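Novice: This is the structure I have questions about; it appears just below.
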Amino acid sequence: MAKQELLKVEGLKQYFPIKGGFLGRTVNHVKAVDDISFTVYEGETVSIVGESGCGKSTTGRAILRLEEPTEGTVEFRGTNLASISKKEMRKFRKDLQIIFQDPYASINPRQTVSSVLSEAMEIQDVLPASKRRARVEELLETVGLLPYQADRFPHEFSGGQRQRIGIARALSVDPQLIICDEAVSALDVSIQAQVLNLLEELQEEYNLTYLFISHDLGVVRHISDRIIVMYLGKIVEIADKESLFDNQKHPYTKALLSAIPVPDPDRKKERIVLRGDVPSPIDPPTGCRFHTRCPFATDKCIQEEPVLRTAGNMKEGHQAACHYIEEIAAGTKESIY
Amino acid sequence: MSSQEIILEVNNLQTSFNTDAGEVRAVDGVSFKVPKGKTLGIVGESGSGKSITSLSILRLLAKNGSIKGGEVLYKGQDLLKLTEAQMRKLRGNEISMIFQEPMTSLNPVYTVGQQIGEALKLHQNMSKKQAHDRSVELLKLVGIPSPEKRVKNFPFELSGGMRQRVMIAMSLACDPEILIADEPTTALDVTIQAQILELIKELQDRLGMSVVFITHDLGVVAETCDYVAVMYAGQVVEYADIRSLFHEPKLPYTIGLLNSLPRHDIDQEKLEPIEGNVPSPYNIPTGCRFAPRCPAATDLCRAKMPALEPDEKGNQVRCWIYSEEWDGEAEVEIYGETRIAKGRGSKTVLSD
Amino acid sequence: MTKYIIRRLLQTIPVLIGVTILVFSLMHLVPGDPAQIVAGEGASEQTVENIRERLGLNEPIPVQYGTFLLNAVQGDLGASVRSGRPVMDEIGSRFWVTVELAVYATIVAVIFGLIAGIIAAVRHSTFADSGIMVVALFGLSMPNFWFGLLLIQWFAIGNWMPESLEFLKMRPSGWGDSWRQIILPVLTLGTGGAAIIARMTRSAMLEVIDQDYIRTARAKGVSEQVVTYRHALKNALIPVVTVVGLEFGGFLGGAVLTETIFAINGMGRLTIDAIRTRDFPVVQGTVLVISVIFVLVNLLVDISYRFLNKRIDLN
C-alpha cells in the first residue's frame, strides 16, 4: 500500500528566549523542541507522547505556526508552512485544525454553539451563509449532540460535551489533519471513552489524519498507528504501535511504559523507577539527554549524542536514539540501578 | 476481614454545601472500613464526592460545607462528636493528609524545614533544634538528596515531585496511624508518579500505617490498594477487596468504568463507554443514581434507591440486581466477555 | 539579592533624570517670560534683566539644564527669589516636619488599617465585616481637608465637649512636641490611608485563606489563630507592603492640604507659598525633593516586596 505523505517535519527547532540582565536582552533559550523530524501519512494517527516539558505540545503549536518555529521545515502536501506568509498560512488553517485539552478556554463564552461553528465556517468561507445553520445542526449530530443545542452557550455543557463542540468546530471546515493536544486528558474515563470512540468513527468517515499529543499511554495505545516518544525536546523513539508496546528499544520508553500503573492487581510487573527529575530544557544535558537518569548510561552517552537508527531486530520504520540498543536487547548491558 | 482490626470506619456519612443555587449534598451515604495497616482506595470520577469524603473525615471542609449525618469512627471513637480542640490534636498527628497539588499545598513564605517542624513542635513539644534535626531525618526518609541543604529551601526552589515528597515528609512527621492521600500523584508525570507510589508503599510497610488513597486512576488503585470503595454521585456504590473488584466487579457502573479504560498493557478492540453523563448534584435522579446510564436498569432501579448490601465475602454493593426483589435480566460485557445477570434472588451474580 | 538591589538602584537613575527634566521644565512651561513673572508686573526692564541674568535664563536651554543638574547633584538648588536664602536651607527644617507628619500618619494608617482588615477578613460576611467596610468606604471617600476641618470643629473648638472630656481638647494649629498639636493632623492625613490598607488587607487575606497551603496548615492541626497570623498574614502582607510604601510617598507629597489647614510649617506649605509668590527655585526644589523621596520609597518597597516574596523571579 503506497502511503501518501501528508505532513513532513524536518529539523524543527523551537527555542524560547529568556530575557534577563540589565537591559532585558536574551540571556538564554528554553530549547523546547530541538531538531526533530518525522512524517505523518494520510489517514493514520500518529501520537507524540512524553512527560511535561518534553516539547510535545510545542511541536503541535509550531506545526500550526501558533508559535513561529525557530528553524526547520514543516511540509504539508509539499508546501513548507514554515516559510509562507501569514496570509497564505491562513488558507492552510482550513486543512489543519487543532483541538485543545480545555475547549472552554478556546471558545468565547458569550457565543452560542451555533455562532462558534458558523464563525469558523465563515472565516474559511467553506459554505454560503444560508447553508451554515443546517450544517451546524448536522455537525452537532455528527459529534453526538442534539441539533436544538445549537443555541446554547458553552457553559451549559459538561466537559465531555464541550470537547464534542471543539471537535465539531474543527470538523466544520473539512480539515485533513487534526492535531489533538491532550484532547481527552481532562475527561473522566467514562466520558473519555465516548470521545475516543467518536474520534475513531470520524476518522473512518472523513478519512482524517490525527496528530495525537498525549501523556496517557493507555489512550495512545488505543488510538494510534504510530507513536513518537519525546524526551527533553528530542525524539528518542519512533515506532508502529505493536513495536513500541511489545518491542520498545529506548531505555526511556521502557521506563515510561513500566511506570504506568496497570489496572490489574495480579499483573505485578518489573518496574524501572527512574531516579531524579527531568533536567531543565534551558541547559539540557550533553550527549544523550537522558543520560542523567538512564540506568545504562556510560561516558559515551555523556559525550556523544545518539541518532535515531534501526537496529537488528527492529521492524522497518522503527527507530530509537540510543548507543546501546543491541547490548541492552542482548542483556549484556548491566543496569546501574 | 472480620478478624482484622478496623482502624477507621465511616458509616452513612452525609456532607452538604450551601451554594447560591441552594444546598448541594456532595456526600450522601458513604460507608467503608479501613483495616489497620491496609490501604483503602476511594475511586470515582470528578464530582463523585471522593475528595469531600476525605476532607470530612478530618473535618476540614470549607466554611460553606457541613456534615449533616453519619459517623466517622477512628479506633471506635466518633470524630464527628469531638470538639474542635480535640480534633486539632488528631490532625497531622494521628491522622494526616497529603493533597493533589504539591505546587500550591506548601506555604510559599516558609522554608521546607519550618513547615515540617511546625507539626513536630505542635504535637511533640520539640524544641526548634530537635524539630530541625527531625525534619532533616524525614527528608532523608522520603528520599530527598542532600536533606541538610534542602531543609532550608523554600518550596519554589523544588520540583513538583520533590514538593510532594516534602508533603509526605510533613504528613509522616508525627508517625500517624492513618495517612489520607487525596490524588497525591495526579499532578505528576508518570515516572515521578512511580517514584511517589513506591515511596508511599515502602513507608507504609516500614511504619505500619493505614492509608486512605483517593484517586480517579484505576491503575493506581490496582497497584496500591487492598480494598476499594467505588463512589458515584456522592455515594459508595461498591466496596470490595482489590481482586474481587477487578476480576469480579458486580456493579454495572464499576464494570462500565473498567470497560471504558484504555489500557496500555493489552490490546483492546473497542472501548465500551458508559452512556450519558454524571448527574448534576443539583438534579440527582430518584432511585438508583446510576439508573439513567445503566444498561440493566429496571423500573425498580429507577424508583427506589438500593441499599449498600454485603455479600458472603464481606464485600458490599449498592445494586438491585443482587436483591430478592429484582426481576430484570441484564447483559453486561466485561473485557469483551458477555455475562448475563438474571433475577435469581440474593444469589444473583453476573455470570457467564 | 545584592545583584537585584544594585540593578534596581541603577534603574532609578533614568527615572531621576526624567524627574529633573520635568522639574526643570516647570519654569519654562509656564506661559510668559519667567523673569518677568518673577519680577512681577510693572518691574523695570533693568530688574527683569537682572533676574534673568541671576537665574541664568540667557544661556541656551541645554546649558541651563546642565547647570541645574550639576548644582542639584551637589545639593545646590539655587536661592529663593523672595528671601534670597538658599533653597536647601528653606527646605531644611521644614522637610523634617513633613517627614515626621508622614511617618506618624503611616503608623496610624498601618495599625488601624491592618487590624480592621484582618478582623474584616476573619469575620468575613458578618456584621463586623460589613461595618468595617462601610467605615473604610467613608474614610476613603471623605476629602481629607474636610475631615480635618471636622476634627478641628469637634476636638479643637469642641463647644459640645462636657468638662469631663476637656482633656481631649486639641490645638487647632501648628506642629510641636505636644500630642495635642500632633494628633489631629496625623489623623487627618492617615485616615484615608488606613481605609485603603484595611481594604487591601481584607481582600489579600480572603484570597490567601482560600489557598491550598492554608488547608495544609489546618490538616497539620494548627489552631485557627496560627493559621490566620502565621500562615495567612505573612502571605497577605506582600501586596499590603506595596500599598503602605505608596501611601507613605503619597503622604509626603499630599500633606499640602493638611499642612495648610493646620498651619503647619512643612514642605507642603512651603510649596504652596512659593507657588503663590512665584518663587520658582523654591517650587523646583520642593518638587524635586518630594519626587526623589517618592522614587526612593518606591525602591524600598520593591526591595522589601522581593524580600517578603522570594518567589518573584529575578527576571
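Numbering starts fresh at 1 for the residues of each chain in the C-alpha cells, the chains themselves are lettered A, B, ... in the order given, and ligands are numbered from 1 as they appear.
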Any idea what's packed within 12 Å of Val38 in chain C, counting only C-alpha atoms, ignoring anything in its chain fewer than 5 positions away? Could you give it as a PyMOL selection string?
Specialist: chain C and resi 27+30+32-33+43+47-52+54-55+80-82+274-282
Novice: Give me, as number ranges by chain, the residues of range 176-345 of chain B that a backbone DSSP run labels alpha helix (DSSP H).
Specialist: B: 190-207, 218-224, 242-247, 252-260, 299-303
Novice: Taking N, CA and C atoms for each residue, export the selection above as a CSV table (one decimal), in the first residue's frame.
Specialist:
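Wrote result29.csv, looks like this:
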```
chain,number,residue,atom,x,y,z
B,190,VAL,N,4.2,10.5,34.9
B,190,VAL,CA,4.2,9.0,35.3
B,190,VAL,C,5.5,8.5,35.9
B,191,THR,N,6.7,9.0,35.4
B,191,THR,CA,7.9,8.5,36.0
B,191,THR,C,8.0,9.0,37.5
B,192,ILE,N,7.6,10.2,37.7
B,192,ILE,CA,7.6,10.7,39.1
B,192,ILE,C,6.5,10.1,39.9
B,193,GLN,N,5.3,9.8,39.3
B,193,GLN,CA,4.3,9.1,40.0
B,193,GLN,C,4.8,7.8,40.5
B,194,ALA,N,5.5,7.1,39.6
B,194,ALA,CA,6.0,5.8,40.0
B,194,ALA,C,6.9,5.9,41.3
B,195,GLN,N,7.7,7.0,41.3
B,195,GLN,CA,8.6,7.2,42.5
B,195,GLN,C,7.8,7.4,43.7
B,196,ILE,N,6.8,8.2,43.6
B,196,ILE,CA,6.0,8.6,44.8
B,196,ILE,C,5.1,7.4,45.3
B,197,LEU,N,4.5,6.6,44.4
B,197,LEU,CA,3.8,5.5,44.8
B,197,LEU,C,4.6,4.5,45.5
B,198,GLU,N,5.8,4.3,44.9
B,198,GLU,CA,6.8,3.3,45.5
B,198,GLU,C,7.1,3.8,47.0
B,199,LEU,N,7.3,5.1,47.1
B,199,LEU,CA,7.7,5.7,48.3
B,199,LEU,C,6.6,5.5,49.4
B,200,ILE,N,5.4,5.7,49.0
B,200,ILE,CA,4.3,5.6,50.0
B,200,ILE,C,4.2,4.1,50.4
B,201,LYS,N,4.3,3.2,49.5
B,201,LYS,CA,4.2,1.8,49.7
B,201,LYS,C,5.3,1.4,50.7
B,202,GLU,N,6.5,1.8,50.4
B,202,GLU,CA,7.6,1.4,51.2
B,202,GLU,C,7.5,2.0,52.7
B,203,LEU,N,7.0,3.2,52.7
B,203,LEU,CA,6.9,3.8,54.1
B,203,LEU,C,5.8,3.2,54.8
B,204,GLN,N,4.7,2.8,54.1
B,204,GLN,CA,3.6,2.1,54.8
B,204,GLN,C,4.1,0.8,55.4
B,205,ASP,N,4.9,0.0,54.6
B,205,ASP,CA,5.4,-1.2,55.1
B,205,ASP,C,6.3,-1.0,56.3
B,206,ARG,N,7.1,0.0,56.2
B,206,ARG,CA,8.0,0.3,57.3
B,206,ARG,C,7.4,0.8,58.6
B,207,LEU,N,6.4,1.7,58.4
B,207,LEU,CA,5.8,2.4,59.5
B,207,LEU,C,4.5,1.8,60.0
B,218,LEU,N,-7.8,4.0,38.0
B,218,LEU,CA,-7.9,2.6,38.4
B,218,LEU,C,-6.6,1.8,38.4
B,219,GLY,N,-5.7,2.3,37.5
B,219,GLY,CA,-4.3,1.7,37.6
B,219,GLY,C,-3.7,1.9,38.9
B,220,VAL,N,-3.7,3.1,39.4
B,220,VAL,CA,-3.1,3.4,40.7
B,220,VAL,C,-3.8,2.6,41.8
B,221,VAL,N,-5.1,2.4,41.7
B,221,VAL,CA,-5.8,1.7,42.7
B,221,VAL,C,-5.4,0.2,42.7
B,222,ALA,N,-5.3,-0.4,41.5
B,222,ALA,CA,-4.9,-1.8,41.4
B,222,ALA,C,-3.5,-2.0,42.0
B,223,GLU,N,-2.7,-1.0,41.8
B,223,GLU,CA,-1.3,-1.2,42.2
B,223,GLU,C,-1.1,-0.9,43.7
B,224,THR,N,-1.9,-0.1,44.3
B,224,THR,CA,-1.6,0.4,45.7
B,224,THR,C,-2.5,-0.1,46.7
B,242,ILE,N,-9.5,-5.8,46.6
B,242,ILE,CA,-9.0,-5.4,45.3
B,242,ILE,C,-9.2,-6.5,44.2
B,243,ARG,N,-8.9,-7.7,44.5
B,243,ARG,CA,-9.0,-8.8,43.5
B,243,ARG,C,-10.5,-8.9,43.0
B,244,SER,N,-11.4,-9.0,44.0
B,244,SER,CA,-12.8,-9.1,43.6
B,244,SER,C,-13.2,-7.9,42.7
B,245,LEU,N,-12.8,-6.7,43.0
B,245,LEU,CA,-13.2,-5.6,42.3
B,245,LEU,C,-12.8,-5.7,40.8
B,246,PHE,N,-11.5,-6.1,40.6
B,246,PHE,CA,-11.0,-6.1,39.2
B,246,PHE,C,-11.4,-7.3,38.5
B,247,HIS,N,-11.5,-8.5,39.2
B,247,HIS,CA,-11.8,-9.7,38.5
B,247,HIS,C,-13.3,-10.0,38.5
B,252,PRO,N,-22.9,-2.7,37.7
B,252,PRO,CA,-22.7,-2.3,36.3
B,252,PRO,C,-21.9,-1.0,36.1
B,253,TYR,N,-21.9,-0.1,37.1
B,253,TYR,CA,-21.1,1.1,36.9
B,253,TYR,C,-19.6,0.7,37.0
B,254,THR,N,-19.2,-0.1,37.9
B,254,THR,CA,-17.8,-0.5,38.0
B,254,THR,C,-17.4,-1.2,36.7
B,255,ILE,N,-18.2,-2.1,36.3
B,255,ILE,CA,-17.9,-2.8,35.0
B,255,ILE,C,-17.7,-1.8,33.9
B,256,GLY,N,-18.6,-0.8,33.9
B,256,GLY,CA,-18.6,0.3,32.8
B,256,GLY,C,-17.3,1.0,32.9
B,257,LEU,N,-16.8,1.3,34.1
B,257,LEU,CA,-15.6,2.0,34.3
B,257,LEU,C,-14.4,1.2,33.7
B,258,LEU,N,-14.4,-0.1,34.1
B,258,LEU,CA,-13.3,-0.9,33.6
B,258,LEU,C,-13.3,-1.1,32.1
B,259,ASN,N,-14.5,-1.1,31.5
B,259,ASN,CA,-14.6,-1.3,30.1
B,259,ASN,C,-14.2,0.0,29.3
B,260,SER,N,-14.3,1.2,30.0
B,260,SER,CA,-14.0,2.4,29.4
B,260,SER,C,-12.6,2.7,29.3
B,299,ASP,N,-37.6,-0.7,36.2
B,299,ASP,CA,-38.5,0.2,36.9
B,299,ASP,C,-38.1,0.3,38.4
B,300,LEU,N,-37.8,-0.8,38.9
B,300,LEU,CA,-37.5,-0.8,40.4
B,300,LEU,C,-36.2,0.1,40.6
B,301,CYS,N,-35.2,-0.1,39.7
B,301,CYS,CA,-34.0,0.7,39.9
B,301,CYS,C,-34.3,2.2,39.8
B,302,ARG,N,-35.2,2.6,38.9
B,302,ARG,CA,-35.5,4.0,38.7
B,302,ARG,C,-36.3,4.6,39.8
B,303,ALA,N,-37.1,3.7,40.5
B,303,ALA,CA,-38.0,4.2,41.5
B,303,ALA,C,-37.4,4.2,42.9
```
Novice: Hey, which of A:Asn207, A:Thr253, A:Asn313, A:Thr39 ends up closest to Val229 in chain A? Count only C-alpha atoms.
Specialist: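 The closest residue to Val229 in chain A is A:Thr253.
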Novice: Could you name the residues that touch range 114-123 of chain A at 10 Å or less, counting only C-alpha atoms, but leaving out those on the same chain fewer than 5 positions away, as a PDB file with N, CA and C atoms, in the first residue's frame?
Specialist:
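That gives us around19.pdb:
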```pdb
ATOM      1  N   ARG A  90      -3.028  31.416   6.551  1.00  0.00           N
ATOM      2  CA  ARG A  90      -4.432  31.436   6.945  1.00  0.00           C
ATOM      3  C   ARG A  90      -5.263  30.471   6.085  1.00  0.00           C
ATOM      4  N   LYS A  91      -4.892  30.357   4.821  1.00  0.00           N
ATOM      5  CA  LYS A  91      -5.632  29.440   3.943  1.00  0.00           C
ATOM      6  C   LYS A  91      -5.446  27.994   4.376  1.00  0.00           C
ATOM      7  N   ARG A  93      -5.029  26.993   7.365  1.00  0.00           N
ATOM      8  CA  ARG A  93      -5.679  26.694   8.640  1.00  0.00           C
ATOM      9  C   ARG A  93      -6.951  25.875   8.447  1.00  0.00           C
ATOM     10  N   LYS A  94      -7.521  25.980   7.268  1.00  0.00           N
ATOM     11  CA  LYS A  94      -8.696  25.186   6.962  1.00  0.00           C
ATOM     12  C   LYS A  94      -8.351  23.691   6.974  1.00  0.00           C
ATOM     13  N   ILE A 107     -13.054  28.685  23.494  1.00  0.00           N
ATOM     14  CA  ILE A 107     -14.346  29.060  22.923  1.00  0.00           C
ATOM     15  C   ILE A 107     -14.827  30.304  23.652  1.00  0.00           C
ATOM     16  N   ASN A 108     -15.231  31.305  22.910  1.00  0.00           N
ATOM     17  CA  ASN A 108     -15.758  32.519  23.525  1.00  0.00           C
ATOM     18  C   ASN A 108     -17.027  32.186  24.306  1.00  0.00           C
ATOM     19  N   PRO A 109     -17.011  32.413  25.636  1.00  0.00           N
ATOM     20  CA  PRO A 109     -18.157  32.001  26.451  1.00  0.00           C
ATOM     21  C   PRO A 109     -19.435  32.772  26.121  1.00  0.00           C
ATOM     22  N   PRO A 128     -21.794  28.951   1.966  1.00  0.00           N
ATOM     23  CA  PRO A 128     -22.529  30.220   1.958  1.00  0.00           C
ATOM     24  C   PRO A 128     -23.364  30.342   3.243  1.00  0.00           C
ATOM     25  N   ALA A 129     -23.577  31.582   3.676  1.00  0.00           N
ATOM     26  CA  ALA A 129     -24.248  31.840   4.947  1.00  0.00           C
ATOM     27  C   ALA A 129     -25.580  31.113   5.066  1.00  0.00           C
ATOM     28  N   LYS A 131     -26.515  28.287   4.094  1.00  0.00           N
ATOM     29  CA  LYS A 131     -26.484  26.843   4.345  1.00  0.00           C
ATOM     30  C   LYS A 131     -25.830  26.494   5.671  1.00  0.00           C
ATOM     31  N   ARG A 132     -25.302  27.525   6.341  1.00  0.00           N
ATOM     32  CA  ARG A 132     -24.499  27.235   7.528  1.00  0.00           C
ATOM     33  C   ARG A 132     -25.308  26.637   8.675  1.00  0.00           C
ATOM     34  N   ARG A 133     -26.519  27.168   8.884  1.00  0.00           N
ATOM     35  CA  ARG A 133     -27.304  26.698  10.026  1.00  0.00           C
ATOM     36  C   ARG A 133     -27.574  25.187   9.915  1.00  0.00           C
ATOM     37  N   ARG A 135     -25.839  23.057   8.347  1.00  0.00           N
ATOM     38  CA  ARG A 135     -24.575  22.350   8.531  1.00  0.00           C
ATOM     39  C   ARG A 135     -24.225  22.277  10.028  1.00  0.00           C
ATOM     40  N   VAL A 136     -24.505  23.350  10.781  1.00  0.00           N
ATOM     41  CA  VAL A 136     -24.244  23.363  12.221  1.00  0.00           C
ATOM     42  C   VAL A 136     -24.999  22.214  12.883  1.00  0.00           C
ATOM     43  N   GLU A 137     -26.273  22.088  12.528  1.00  0.00           N
ATOM     44  CA  GLU A 137     -27.089  21.043  13.158  1.00  0.00           C
ATOM     45  C   GLU A 137     -26.592  19.659  12.775  1.00  0.00           C
ATOM     46  N   LEU A 139     -23.503  18.938  11.990  1.00  0.00           N
ATOM     47  CA  LEU A 139     -22.242  18.717  12.716  1.00  0.00           C
ATOM     48  C   LEU A 139     -22.507  18.282  14.152  1.00  0.00           C
ATOM     49  N   LEU A 140     -23.464  18.937  14.797  1.00  0.00           N
ATOM     50  CA  LEU A 140     -23.759  18.583  16.180  1.00  0.00           C
ATOM     51  C   LEU A 140     -24.198  17.129  16.273  1.00  0.00           C
ATOM     52  N   PRO A 147     -29.376  18.702  17.694  1.00  0.00           N
ATOM     53  CA  PRO A 147     -29.466  19.931  16.899  1.00  0.00           C
ATOM     54  C   PRO A 147     -30.002  21.118  17.704  1.00  0.00           C
ATOM     55  N   TYR A 148     -30.964  20.865  18.606  1.00  0.00           N
ATOM     56  CA  TYR A 148     -31.549  22.003  19.325  1.00  0.00           C
ATOM     57  C   TYR A 148     -30.551  22.638  20.303  1.00  0.00           C
ATOM     58  N   GLN A 149     -29.450  21.958  20.553  1.00  0.00           N
ATOM     59  CA  GLN A 149     -28.451  22.530  21.462  1.00  0.00           C
ATOM     60  C   GLN A 149     -27.599  23.611  20.788  1.00  0.00           C
ATOM     61  N   ALA A 150     -27.857  23.868  19.529  1.00  0.00           N
ATOM     62  CA  ALA A 150     -27.058  24.838  18.780  1.00  0.00           C
ATOM     63  C   ALA A 150     -27.134  26.237  19.372  1.00  0.00           C
ATOM     64  N   ASP A 151     -28.252  26.555  20.004  1.00  0.00           N
ATOM     65  CA  ASP A 151     -28.401  27.915  20.507  1.00  0.00           C
ATOM     66  C   ASP A 151     -28.008  28.054  21.969  1.00  0.00           C
ATOM     67  N   ARG A 152     -27.378  27.043  22.493  1.00  0.00           N
ATOM     68  CA  ARG A 152     -26.923  27.136  23.880  1.00  0.00           C
ATOM     69  C   ARG A 152     -25.519  27.716  23.967  1.00  0.00           C
ATOM     70  N   PHE A 153     -25.173  28.133  25.187  1.00  0.00           N
ATOM     71  CA  PHE A 153     -23.843  28.699  25.418  1.00  0.00           C
ATOM     72  C   PHE A 153     -22.916  27.622  25.992  1.00  0.00           C
ATOM     73  N   PRO A 154     -21.611  27.783  25.782  1.00  0.00           N
ATOM     74  CA  PRO A 154     -20.666  26.746  26.206  1.00  0.00           C
ATOM     75  C   PRO A 154     -20.830  26.309  27.666  1.00  0.00           C
ATOM     76  N   ILE A 165     -18.006  19.834  21.175  1.00  0.00           N
ATOM     77  CA  ILE A 165     -18.158  21.097  20.444  1.00  0.00           C
ATOM     78  C   ILE A 165     -16.828  21.472  19.788  1.00  0.00           C
ATOM     79  N   GLY A 166     -15.735  21.293  20.538  1.00  0.00           N
ATOM     80  CA  GLY A 166     -14.410  21.570  19.990  1.00  0.00           C
ATOM     81  C   GLY A 166     -14.153  20.731  18.740  1.00  0.00           C
ATOM     82  N   ALA A 168     -16.512  19.457  16.802  1.00  0.00           N
ATOM     83  CA  ALA A 168     -17.415  19.939  15.756  1.00  0.00           C
ATOM     84  C   ALA A 168     -16.832  21.172  15.080  1.00  0.00           C
ATOM     85  N   ARG A 169     -16.220  22.044  15.881  1.00  0.00           N
ATOM     86  CA  ARG A 169     -15.646  23.248  15.291  1.00  0.00           C
ATOM     87  C   ARG A 169     -14.499  22.889  14.346  1.00  0.00           C
ATOM     88  N   ALA A 170     -13.666  21.943  14.797  1.00  0.00           N
ATOM     89  CA  ALA A 170     -12.572  21.521  13.928  1.00  0.00           C
ATOM     90  C   ALA A 170     -13.119  20.922  12.636  1.00  0.00           C
ATOM     91  N   LEU A 171     -14.183  20.124  12.755  1.00  0.00           N
ATOM     92  CA  LEU A 171     -14.746  19.461  11.572  1.00  0.00           C
ATOM     93  C   LEU A 171     -15.436  20.425  10.623  1.00  0.00           C
ATOM     94  N   SER A 172     -15.898  21.555  11.164  1.00  0.00           N
ATOM     95  CA  SER A 172     -16.752  22.449  10.378  1.00  0.00           C
ATOM     96  C   SER A 172     -16.068  22.958   9.112  1.00  0.00           C
ATOM     97  N   VAL A 173     -14.738  22.964   9.079  1.00  0.00           N
ATOM     98  CA  VAL A 173     -14.050  23.487   7.899  1.00  0.00           C
ATOM     99  C   VAL A 173     -13.482  22.366   7.025  1.00  0.00           C
ATOM    100  N   ASP A 174     -13.953  21.150   7.252  1.00  0.00           N
ATOM    101  CA  ASP A 174     -13.484  19.989   6.468  1.00  0.00           C
ATOM    102  C   ASP A 174     -11.967  19.864   6.452  1.00  0.00           C
TER     103      ASP A 174
END
```
Novice: Extract, using only C-alpha atoms, all DNA, RNA and protein residues at most 8 Å from Phe16 in chain A, discarding same-chain residues fewer than 5 positions from it, and format them as a ChimeraX atom specification.
Specialist: /A:29-32
Novice: For the selection just defined, write its residues with C-alpha atoms to a file, as a PDB file, in the first residue's frame.
Specialist:
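Okay, this is what ended up in result.pdb:
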```
ATOM      1  CA  HIS A  29      16.945  29.878  25.446  1.00  0.00           C
ATOM      2  CA  VAL A  30      14.472  27.253  26.510  1.00  0.00           C
ATOM      3  CA  LYS A  31      15.132  24.600  23.932  1.00  0.00           C
ATOM      4  CA  ALA A  32      11.583  23.281  23.927  1.00  0.00           C
TER       5      ALA A  32
END
```
Novice: Write out as a PyMOL selection string every residue belonging to chain C that has an atom at most 9 Å from any atom of chain B, counting only C-alpha atoms.
Specialist: chain C and resi 210-223+231-232+234-235+308-311
Novice: Env of Leu261 in chain B: 9 Å cut, atoms = only C-alpha atoms, seq-sep filter 4 positions within chain, self excluded. Answer as JSON, numbers by chain.
Specialist: {"A": [189, 190, 192, 193, 218, 219, 263], "B": [218, 256, 257, 271, 272, 273]}
Novice: Those residues you just picked out, can you put them in a file as a PDB file, in the first residue's frame with C-alpha atoms?
Specialist:
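Okay, part.pdb is ready:
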```pdb
ATOM      1  CA  VAL A 189     -12.728   7.748  31.896  1.00  0.00           C
ATOM      2  CA  SER A 190     -16.347   7.018  31.064  1.00  0.00           C
ATOM      3  CA  GLN A 192     -13.055   9.872  27.642  1.00  0.00           C
ATOM      4  CA  ALA A 193     -14.036   6.546  26.104  1.00  0.00           C
ATOM      5  CA  GLY A 218      -3.319   3.901  27.512  1.00  0.00           C
ATOM      6  CA  VAL A 219      -5.118   6.365  25.281  1.00  0.00           C
ATOM      7  CA  PRO A 263      -5.362  -1.731  36.240  1.00  0.00           C
TER       8      PRO A 263
ATOM      9  CA  LEU B 218      -7.931   2.597  38.360  1.00  0.00           C
ATOM     10  CA  GLY B 256     -18.562   0.253  32.819  1.00  0.00           C
ATOM     11  CA  LEU B 257     -15.562   2.041  34.266  1.00  0.00           C
ATOM     12  CA  LEU B 271     -13.792   0.840  24.292  1.00  0.00           C
ATOM     13  CA  GLU B 272     -17.232   0.380  25.783  1.00  0.00           C
ATOM     14  CA  PRO B 273     -18.043   3.729  27.301  1.00  0.00           C
TER      15      PRO B 273
END
```
Novice: Residues of chain A within 10 Å of chain B, counting only C-alpha atoms - could you list those as an MDAnalysis selection string?
Specialist: chainID A and resid 50:52 158:161 187:197 200 215:223 242 245:246 252 255:268 271:278
Novice: Write out the residues from the selection above, keeping C-alpha atoms, as a short mmCIF file (atom, residue, chain, number, x, y, z; two decimals), in the first residue's frame.
Specialist:
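Result file follows (selection06.cif):
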```
data_model
loop_
_atom_site.label_atom_id
_atom_site.label_comp_id
_atom_site.auth_asym_id
_atom_site.auth_seq_id
_atom_site.Cartn_x
_atom_site.Cartn_y
_atom_site.Cartn_z
CA GLY A 50 6.22 12.23 26.67
CA GLU A 51 6.16 13.86 30.05
CA SER A 52 5.60 17.53 30.76
CA SER A 158 -20.45 19.36 30.53
CA GLY A 159 -16.72 18.87 29.93
CA GLY A 160 -17.25 15.95 27.58
CA GLN A 161 -19.89 17.80 25.62
CA LEU A 187 -12.13 13.98 30.83
CA ASP A 188 -13.30 11.28 33.20
CA VAL A 189 -12.73 7.75 31.90
CA SER A 190 -16.35 7.02 31.06
CA ILE A 191 -16.57 10.23 29.02
CA GLN A 192 -13.06 9.87 27.64
CA ALA A 193 -14.04 6.55 26.10
CA GLN A 194 -17.02 8.18 24.42
CA VAL A 195 -14.86 10.90 22.88
CA LEU A 196 -12.14 8.44 21.80
CA ASN A 197 -14.72 6.30 20.06
CA GLU A 200 -12.21 6.94 15.65
CA HIS A 215 0.87 11.88 28.07
CA ASP A 216 -1.53 8.97 28.56
CA LEU A 217 -0.08 5.82 27.03
CA GLY A 218 -3.32 3.90 27.51
CA VAL A 219 -5.12 6.36 25.28
CA VAL A 220 -2.21 6.39 22.87
CA ARG A 221 -2.13 2.61 22.54
CA HIS A 222 -5.81 2.65 21.84
CA ILE A 223 -5.89 5.29 19.14
CA GLU A 242 2.99 -3.04 18.15
CA PHE A 245 4.47 -1.58 23.20
CA ASP A 246 5.97 -5.02 22.67
CA TYR A 252 13.40 5.89 28.44
CA ALA A 255 10.95 3.15 31.88
CA LEU A 256 7.98 5.25 30.82
CA LEU A 257 5.92 2.18 29.96
CA SER A 258 6.89 0.34 33.08
CA ALA A 259 5.99 3.34 35.23
CA ILE A 260 2.32 3.30 34.28
CA PRO A 261 0.17 1.55 36.83
CA VAL A 262 -1.69 -1.42 35.36
CA PRO A 263 -5.36 -1.73 36.24
CA ASP A 264 -5.00 -5.37 37.15
CA PRO A 265 -3.95 -6.30 40.68
CA ASP A 266 -2.45 -9.62 39.57
CA ARG A 267 -0.13 -8.24 36.95
CA LYS A 268 2.68 -7.04 39.13
CA ARG A 271 9.20 -1.75 37.31
CA ILE A 272 12.02 0.54 36.32
CA VAL A 273 11.73 3.53 38.63
CA LEU A 274 13.82 6.32 37.19
CA ARG A 275 15.80 8.38 39.61
CA GLY A 276 15.62 12.14 39.80
CA ASP A 277 13.72 14.72 37.83
CA VAL A 278 13.71 15.77 34.20
#
```
Novice: Please identify all polymer residues within 6 Å of Ser16 in chain B, counting only C-alpha atoms, omitting same-chain residues fewer than 3 positions from it, and present them as a PyMOL selection string.
Specialist: chain B and resi 24-26+65-66
Novice: Kindly assemble as a tab-separated table a list of the range 80-192 of chain C residues that lie within 6 Å of range 254-269 of chain C, each paired with its nearest atom pair and their distance in Å to one decimal, using only C-alpha atoms, sorted first by chain and then by ascending residue number.
Specialist:
```
residue	atom	partner	partner_atom	distance
C:Arg94	CA	C:Gly266	CA	4.4
C:Phe95	CA	C:Met267	CA	5.5
C:Val97	CA	C:Gly266	CA	5.4
C:Thr98	CA	C:Gly266	CA	5.0
C:Ser173	CA	C:Phe262	CA	4.5
C:Gly174	CA	C:Ile264	CA	4.8
C:Trp175	CA	C:Ile264	CA	5.7
```
